[in-house]
Each structure stands twice: as C-alpha cells, then as structure tokens.
Amino acid sequence: MPKVLISDKMDPKAAEIFRQRGVEVDEITGKTPDELAAMIGDYDGLAIRSSTKVTKAILDAATNLKVVGRAGIGVDNVDIPAASAKGVVVMNTPFGNSITTAEHAIALMFALARQLPEADASTQAGKWEKNRFMGVELTSKTLGLIGAGNIGSIVADRAQGLKMKVVAFDPFLTPERAVEMGVEKVTLDELLARADFITLHTPLTDQTRNILSADNLAKTKAGVRIINCARGGLIDEAALKAGLDSGHIGGAALDVFVEEPAKASPLFGTPNFVSTPHLGASTSEAQVNVAIQVAEQMADFLVSGGVTNA
Ligand code: MLT
C-alpha cells in the first residue's frame, strides 16, 4: 500500500480521500527540515501547502518519494529542478482556490477605493472623521489585469459585474479568448497608461519579476491603485513606497511580499497602503477544494499512475 505524508495543516478531507482510495496516510505537521529529512524516506508521496519547503536536501533524503502534491497553486516552495532530476512528479491544484483569490483581489480593490481599513481604524478610535474619507466609484473605471489566466479571468468577470472596463496584458492571452472574456488585450505600456486600478495575477518568473519596476510604475496614471494577491517580487516594493509617498500612486494593497512572513516592511504605516498576510487562498471553501483535489490527484497517481496538473 503506498504511503503519503501530509506535512502541512490541511483540511481533513485529504486524509479521508487517501484512505478511501487505498493509500496509507500520516498527518505530521510542524516538523523542522532536519526532522522531515529524517522521516521522509518512509513515504511515496508528500502532500504540502506553503509551509513545508521541499528543498534538495529533503529530496535527497526521500529515497522512496514519487510525488509531491501542493494543495494550492504556487509551487515556489518546491525545488522543481531537484525533484525532476530525481524523477519525482510535482503536482498542484490550479483551480481549487481561484475564485477565493479573485474575490480577495476584489475585496482589496474596494478597500482601496473607499479607504476601508483607515476608516475602520479611525471610527473605532472614536474619531468619526466623516470628511476625511472621500472615496472613488469603481463603476466606469478601467481595471488593468496583468495576467489573464484562471484567477485573472475570474477577476475580470467580477469587475465587469461592477461595470468596470477591463484591459488585460498577458502574452498567453489569445485574441479569441480576450473576446470571450470581454476584455481588451493591450500591451503592458498601454495598460500602465490607461488603468485606474491594476491587479496582478501571474506567477513569479524571470519574465515577471519586478514587472511593476520603478520605470513601469512611473508610466502609470496619476492616482493609480494597485493590488497584488499573486506573488511578492512582481512589484518593486521600494519604488511602490516612493510612489505612495509622492502621491503618484493613489493606493496599494498587497497580500504578498518579497519576504514572507512580512513582519516588518517600509510600506507598513504608509498612508493609502493596505496589507493582508497572504490570505488569497484562505477561505474554508478553497481549502476544502484544494485538499480534495490534491488527494484525488496523488492517490490516482500512486494507485494507477494517472498524472494530473503536473
Ligand atoms: C497558492 O499558490 O495557492 C496561494 O498563493 C495560496 C498559498 O500559497 O497559500
């Protein structure tokens, strides 16, 4: 019987599915890298979220490992070249938390448009600053989507429901798909010049790192509001801070940071800056979805060799 280790906190549905499908499963979370390396040799599969770092050292110790399953989208916590060199298949669940992440981007867009965190703090401090918080409507504003894949396309759909115009920069977006989504495919420069709000929905790669660099931020419309629920590293954080301080950038909401956990940042305390601690996928619905999907995919692979989302 194949044996899987669940090494990050995961919805109980995952263990239930492994067992139903004839896979033995242990749930042991919170281990140090050395402790994980000492135990990983017993397992054919490793199911993770974002806490476990599957490094080369872990993979070297994983003498029986055949598959790593990431309950979520990003596989940045897995050393993919080292896994490939060992013939270990790495799977993710690209769809399970897409809606949840898209909804978080929309929530942050509203938070920026109406300065909700500052207004909440001020009201609860007993100040009743009714004249301080003048917001903007989303209706008729242009939303610039950087990345129009699973999550970006859901954001576009929701934004259109809010009567926003959506322009998208994504080299993989075909003209046909853009028409289907009802978005206008544009170049990055065009998006920067036209968007009232910009939201990022792309993985962090060599091509996308610092896609909102100091130069590109300087090309944005005055007062632009920027949301990032994708990955830290897509925006130059120092340039973002400078843009907020100068007033050129009207607001920024980050769910993700270059360094995580982000316990300190020059951005903290900046007016019109909103942050959340990488909560993009954190809803009960999404966590059930990704747990079910990762367990089904891994069990399928271990029991019958089926490969999905690898
Ligand atoms: C993901 O990649 O699925 C999300 O960023 C969620 C996460 O890492 O926790």
# chains A, B, ... in the order shown; residues from 1 in each chain; ligands from 1
>>> select_by_dssp(residues="region 91-161 of chain A", states="helix (DSSP H, G or I)", output="MDAnalysis selection string")
chainID A and resid 98:113 116:124 150:161
>>> residues_around(residues="region 138-153 of chain A", least_positions_apart="2", cutoff="9 Å", atoms="only C-alpha atoms", output="number ranges by chain")
A: 94-95, 97-102, 109-110, 113, 136, 155-159, 162-173, 178, 181, 188, 191-192, 194-203
>>> write_last_selection(atoms="N, CA and C atoms", output="CSV table (one decimal), in the first residue's frame")
chain,number,residue,atom,x,y,z
A,94,PRO,N,-4.5,23.8,-9.7
A,94,PRO,CA,-4.6,25.2,-10.2
A,94,PRO,C,-6.0,25.8,-10.1
A,95,PHE,N,-7.0,25.0,-9.8
A,95,PHE,CA,-8.4,25.6,-9.9
A,95,PHE,C,-9.0,25.8,-8.5
A,97,ASN,N,-8.5,27.1,-5.6
A,97,ASN,CA,-8.6,28.4,-4.8
A,97,ASN,C,-8.7,29.6,-5.7
A,98,SER,N,-9.0,29.4,-7.0
A,98,SER,CA,-9.0,30.6,-7.9
A,98,SER,C,-10.1,31.6,-7.6
A,99,ILE,N,-11.3,31.1,-7.3
A,99,ILE,CA,-12.4,32.0,-7.0
A,99,ILE,C,-12.1,32.8,-5.7
A,100,THR,N,-11.6,32.1,-4.7
A,100,THR,CA,-11.3,32.7,-3.5
A,100,THR,C,-10.2,33.8,-3.6
A,101,THR,N,-9.2,33.5,-4.4
A,101,THR,CA,-8.2,34.5,-4.6
A,101,THR,C,-8.7,35.7,-5.4
A,102,ALA,N,-9.5,35.4,-6.4
A,102,ALA,CA,-10.1,36.5,-7.2
A,102,ALA,C,-11.0,37.4,-6.3
A,109,MET,N,-9.6,45.7,-3.8
A,109,MET,CA,-9.9,46.9,-4.6
A,109,MET,C,-10.9,47.8,-4.0
A,110,PHE,N,-12.0,47.2,-3.4
A,110,PHE,CA,-12.9,48.0,-2.6
A,110,PHE,C,-12.3,48.7,-1.4
A,113,ALA,N,-10.5,51.7,-2.8
A,113,ALA,CA,-11.4,52.7,-3.3
A,113,ALA,C,-12.1,53.5,-2.2
A,136,VAL,N,-13.7,56.7,-4.2
A,136,VAL,CA,-13.9,56.8,-5.7
A,136,VAL,C,-14.9,55.6,-6.0
A,155,VAL,N,-11.4,37.5,-11.9
A,155,VAL,CA,-11.4,38.9,-11.5
A,155,VAL,C,-12.1,39.7,-12.6
A,156,ALA,N,-11.7,39.5,-13.9
A,156,ALA,CA,-12.3,40.2,-15.0
A,156,ALA,C,-13.8,40.1,-15.0
A,157,ASP,N,-14.3,38.9,-14.8
A,157,ASP,CA,-15.7,38.6,-14.8
A,157,ASP,C,-16.4,39.4,-13.7
A,158,ARG,N,-15.8,39.4,-12.5
A,158,ARG,CA,-16.4,40.1,-11.3
A,158,ARG,C,-16.4,41.6,-11.6
A,159,ALA,N,-15.3,42.1,-12.1
A,159,ALA,CA,-15.1,43.5,-12.3
A,159,ALA,C,-16.1,44.0,-13.4
A,162,LEU,N,-19.2,44.7,-11.9
A,162,LEU,CA,-19.2,46.0,-11.2
A,162,LEU,C,-19.2,47.2,-12.2
A,163,LYS,N,-19.3,46.9,-13.5
A,163,LYS,CA,-19.4,47.8,-14.6
A,163,LYS,C,-18.0,48.5,-14.8
A,164,MET,N,-17.0,47.8,-14.6
A,164,MET,CA,-15.6,48.3,-14.9
A,164,MET,C,-15.3,47.9,-16.3
A,165,LYS,N,-14.4,48.7,-16.9
A,165,LYS,CA,-13.8,48.3,-18.2
A,165,LYS,C,-12.5,47.5,-17.9
A,166,VAL,N,-12.3,46.4,-18.5
A,166,VAL,CA,-11.2,45.6,-18.2
A,166,VAL,C,-10.2,45.5,-19.4
A,167,VAL,N,-9.0,45.9,-19.2
A,167,VAL,CA,-7.9,45.7,-20.2
A,167,VAL,C,-6.9,44.7,-19.6
A,168,ALA,N,-6.4,43.9,-20.5
A,168,ALA,CA,-5.5,42.8,-20.0
A,168,ALA,C,-4.2,42.7,-20.7
A,169,PHE,N,-3.1,42.6,-20.0
A,169,PHE,CA,-1.8,42.3,-20.5
A,169,PHE,C,-1.5,40.9,-20.1
A,170,ASP,N,-1.3,40.0,-21.2
A,170,ASP,CA,-0.9,38.6,-20.9
A,170,ASP,C,-0.5,38.0,-22.2
A,171,PRO,N,0.9,37.7,-22.4
A,171,PRO,CA,1.4,37.2,-23.6
A,171,PRO,C,0.7,35.9,-24.1
A,172,PHE,N,0.1,35.2,-23.1
A,172,PHE,CA,-0.6,33.9,-23.5
A,172,PHE,C,-2.0,34.1,-23.8
A,173,LEU,N,-2.6,35.3,-23.7
A,173,LEU,CA,-4.0,35.5,-24.0
A,173,LEU,C,-4.2,35.6,-25.5
A,178,ALA,N,-9.7,36.7,-25.4
A,178,ALA,CA,-9.9,38.0,-24.9
A,178,ALA,C,-11.4,38.4,-25.3
A,181,MET,N,-13.7,36.6,-23.0
A,181,MET,CA,-13.7,37.2,-21.7
A,181,MET,C,-14.3,38.6,-21.6
A,188,LEU,N,1.7,46.1,-22.3
A,188,LEU,CA,1.9,46.5,-20.9
A,188,LEU,C,1.9,48.0,-20.8
A,191,LEU,N,-1.5,49.4,-20.9
A,191,LEU,CA,-2.2,49.1,-19.6
A,191,LEU,C,-1.8,50.1,-18.5
A,192,LEU,N,-0.5,50.3,-18.5
A,192,LEU,CA,0.1,51.2,-17.4
A,192,LEU,C,-0.5,52.6,-17.6
A,194,ARG,N,-3.4,53.5,-19.1
A,194,ARG,CA,-4.8,53.6,-19.0
A,194,ARG,C,-5.5,53.2,-17.7
A,195,ALA,N,-4.9,52.3,-17.0
A,195,ALA,CA,-5.6,51.7,-15.8
A,195,ALA,C,-5.8,52.6,-14.6
A,196,ASP,N,-7.0,52.7,-14.1
A,196,ASP,CA,-7.2,53.4,-12.8
A,196,ASP,C,-6.9,52.4,-11.6
A,197,PHE,N,-7.1,51.1,-11.9
A,197,PHE,CA,-6.7,50.1,-10.9
A,197,PHE,C,-5.9,49.1,-11.7
A,198,ILE,N,-4.8,48.5,-11.0
A,198,ILE,CA,-4.0,47.5,-11.7
A,198,ILE,C,-4.1,46.3,-10.7
A,199,THR,N,-4.3,45.1,-11.2
A,199,THR,CA,-4.3,43.9,-10.3
A,199,THR,C,-3.4,42.8,-11.0
A,200,LEU,N,-2.6,42.2,-10.2
A,200,LEU,CA,-1.6,41.2,-10.8
A,200,LEU,C,-2.1,39.8,-10.5
A,201,HIS,N,-2.0,39.0,-11.6
A,201,HIS,CA,-2.4,37.6,-11.4
A,201,HIS,C,-1.5,36.7,-12.3
A,202,THR,N,-0.3,36.7,-12.0
A,202,THR,CA,0.7,36.0,-12.8
A,202,THR,C,1.7,35.3,-11.8
A,203,PRO,N,2.3,34.2,-12.2
A,203,PRO,CA,3.3,33.6,-11.3
A,203,PRO,C,4.6,34.5,-11.3
>>> residues_near_ligand(ligand="ligand 1", cutoff="6 Å", atoms="only C-alpha atoms and all ligand atoms", output="list of chain:residue names")
A:Ser50, A:Gly72, A:Ile73, A:Gly74, A:Gly280, A:Ala281
>>> closest_residue(among="A:Gly30, A:Pro261, A:Gly182, A:Gly135", to="Leu116 (chain A)", atoms="only C-alpha atoms")
A:Gly135
>>> closest_residue(among="A:Val256, A:Val54, A:Ala291, A:Leu244", to="Met10 (chain A)", atoms="only C-alpha atoms")
A:Ala291
>>> residues_around(residues="Ile6 (chain A)", least_positions_apart="5", cutoff="8 Å", atoms="only C-alpha atoms", output="PDB file with C-alpha atoms, in the first residue's frame")
ATOM      1  CA  VAL A  25      -1.580   8.422   5.297  1.00  0.00           C
ATOM      2  CA  ASP A  26       0.179  10.131   8.199  1.00  0.00           C
ATOM      3  CA  GLU A  27      -0.543  13.743   9.137  1.00  0.00           C
ATOM      4  CA  ILE A  28       2.524  15.135  10.878  1.00  0.00           C
ATOM      5  CA  THR A  29       2.870  18.906  10.721  1.00  0.00           C
ATOM      6  CA  LEU A  46       4.291  14.182   0.247  1.00  0.00           C
ATOM      7  CA  ALA A  47       1.231  16.466   0.427  1.00  0.00           C
ATOM      8  CA  ILE A  48       2.013  20.088   1.304  1.00  0.00           C
TER       9      ILE A  48
END
>>> atom_distance(atom1="CA of Asn216 (chain A)", atom2="CA of Leu279 (chain A)")
26.4 Å
>>> select_by_dssp(residues="region 165-282 of chain A", states="strand (DSSP E)", output="PyMOL selection string")
chain A and resi 165-169+184-185+197-200+224-228+249-254+273-275
>>> closest_residue(among="A:Ala121, A:Ala238, A:Ala111, A:Val290", to="Ser265 (chain A)", atoms="only C-alpha atoms")
A:Ala238
>>> atom_distance(atom1="CA of Ile226 (chain A)", atom2="CA of Ala119 (chain A)")
18.9 Å
>>> closest_residue(among="A:Val303, A:Met298, A:Val23, A:Lys219", to="Val67 (chain A)", atoms="only C-alpha atoms")
A:Met298
>>> residues_around(residues="Val78 (chain A)", least_positions_apart="3", cutoff="9 Å", atoms="only C-alpha atoms", output="PyMOL selection string")
chain A and resi 52-56+68+70+75+81-83+90
>>> residues_around(residues="Phe257 (chain A)", least_positions_apart="4", cutoff="12 Å", atoms="only C-alpha atoms", output="list in words")
Leu204, Asn210, Ile227, Asn228, Cys229, Ala230, Arg231, Gly232, Gly233, Leu234, Ile235, Asp236, Glu237, Ala238, Leu240, Ala253, Pro261, Ala262, Lys263, Ala264, Ser265, Pro266, Leu267, Phe268, Ser275, Thr276, Pro277, His278 and Leu279 of chain A
>>> write_last_selection(atoms="N, CA and C atoms", output="short mmCIF file (atom, residue, chain, number, x, y, z; two decimals), in the first residue's frame")
data_model
loop_
_atom_site.label_atom_id
_atom_site.label_comp_id
_atom_site.auth_asym_id
_atom_site.auth_seq_id
_atom_site.Cartn_x
_atom_site.Cartn_y
_atom_site.Cartn_z
N LEU A 204 5.44 34.24 -10.35
CA LEU A 204 6.72 34.95 -10.34
C LEU A 204 7.71 34.14 -11.16
N ASN A 210 9.55 41.88 -10.85
CA ASN A 210 9.56 43.35 -10.94
C ASN A 210 8.87 43.86 -12.19
N ILE A 227 -3.14 46.41 -6.81
CA ILE A 227 -3.46 45.27 -5.93
C ILE A 227 -2.59 44.09 -6.34
N ASN A 228 -1.99 43.42 -5.36
CA ASN A 228 -1.22 42.21 -5.67
C ASN A 228 -1.59 41.10 -4.70
N CYS A 229 -2.31 40.12 -5.25
CA CYS A 229 -2.64 38.90 -4.48
C CYS A 229 -1.94 37.71 -5.12
N ALA A 230 -0.93 37.96 -5.95
CA ALA A 230 -0.30 36.85 -6.69
C ALA A 230 0.99 36.41 -6.00
N ARG A 231 2.08 37.11 -6.25
CA ARG A 231 3.34 36.76 -5.60
C ARG A 231 4.14 38.01 -5.31
N GLY A 232 4.81 38.02 -4.16
CA GLY A 232 5.76 39.07 -3.86
C GLY A 232 6.86 39.00 -4.92
N GLY A 233 7.47 40.14 -5.21
CA GLY A 233 8.53 40.12 -6.23
C GLY A 233 8.03 40.60 -7.58
N LEU A 234 6.69 40.66 -7.76
CA LEU A 234 6.17 41.20 -9.02
C LEU A 234 6.26 42.72 -9.03
N ILE A 235 6.29 43.31 -7.83
CA ILE A 235 6.36 44.78 -7.71
C ILE A 235 7.64 45.13 -6.98
N ASP A 236 8.31 46.18 -7.43
CA ASP A 236 9.46 46.72 -6.71
C ASP A 236 8.91 47.46 -5.49
N GLU A 237 9.07 46.86 -4.30
CA GLU A 237 8.42 47.42 -3.11
C GLU A 237 8.96 48.81 -2.75
N ALA A 238 10.26 49.04 -2.97
CA ALA A 238 10.83 50.37 -2.64
C ALA A 238 10.23 51.43 -3.56
N LEU A 240 7.36 51.22 -5.04
CA LEU A 240 5.94 51.36 -4.67
C LEU A 240 5.81 52.34 -3.50
N ALA A 253 -2.53 47.74 -2.34
CA ALA A 253 -2.93 46.68 -1.42
C ALA A 253 -2.13 45.44 -1.74
N PRO A 261 7.23 35.30 6.05
CA PRO A 261 6.26 36.27 6.53
C PRO A 261 6.85 37.68 6.60
N ALA A 262 6.03 38.66 6.20
CA ALA A 262 6.47 40.06 6.22
C ALA A 262 6.13 40.64 7.58
N LYS A 263 7.09 40.54 8.48
CA LYS A 263 6.82 41.02 9.86
C LYS A 263 7.18 42.50 9.99
N ALA A 264 7.98 42.98 9.03
CA ALA A 264 8.33 44.41 9.01
C ALA A 264 8.49 44.80 7.55
N SER A 265 8.10 46.01 7.21
CA SER A 265 8.26 46.48 5.84
C SER A 265 8.23 47.99 5.85
N PRO A 266 9.07 48.64 5.03
CA PRO A 266 8.99 50.10 4.94
C PRO A 266 7.60 50.56 4.51
N LEU A 267 6.84 49.65 3.89
CA LEU A 267 5.49 50.03 3.45
C LEU A 267 4.50 50.15 4.61
N PHE A 268 4.78 49.44 5.69
CA PHE A 268 3.83 49.45 6.81
C PHE A 268 3.70 50.87 7.35
N SER A 275 -2.67 45.99 3.74
CA SER A 275 -1.99 44.70 3.60
C SER A 275 -2.75 43.59 4.30
N THR A 276 -2.58 42.39 3.79
CA THR A 276 -3.09 41.18 4.44
C THR A 276 -1.98 40.12 4.35
N PRO A 277 -1.99 39.17 5.27
CA PRO A 277 -0.88 38.19 5.35
C PRO A 277 -1.05 36.97 4.44
N HIS A 278 -0.94 37.17 3.14
CA HIS A 278 -1.07 36.08 2.15
C HIS A 278 -2.35 35.25 2.42
N LEU A 279 -3.46 35.97 2.38
CA LEU A 279 -4.76 35.34 2.66
C LEU A 279 -5.51 34.98 1.38
#
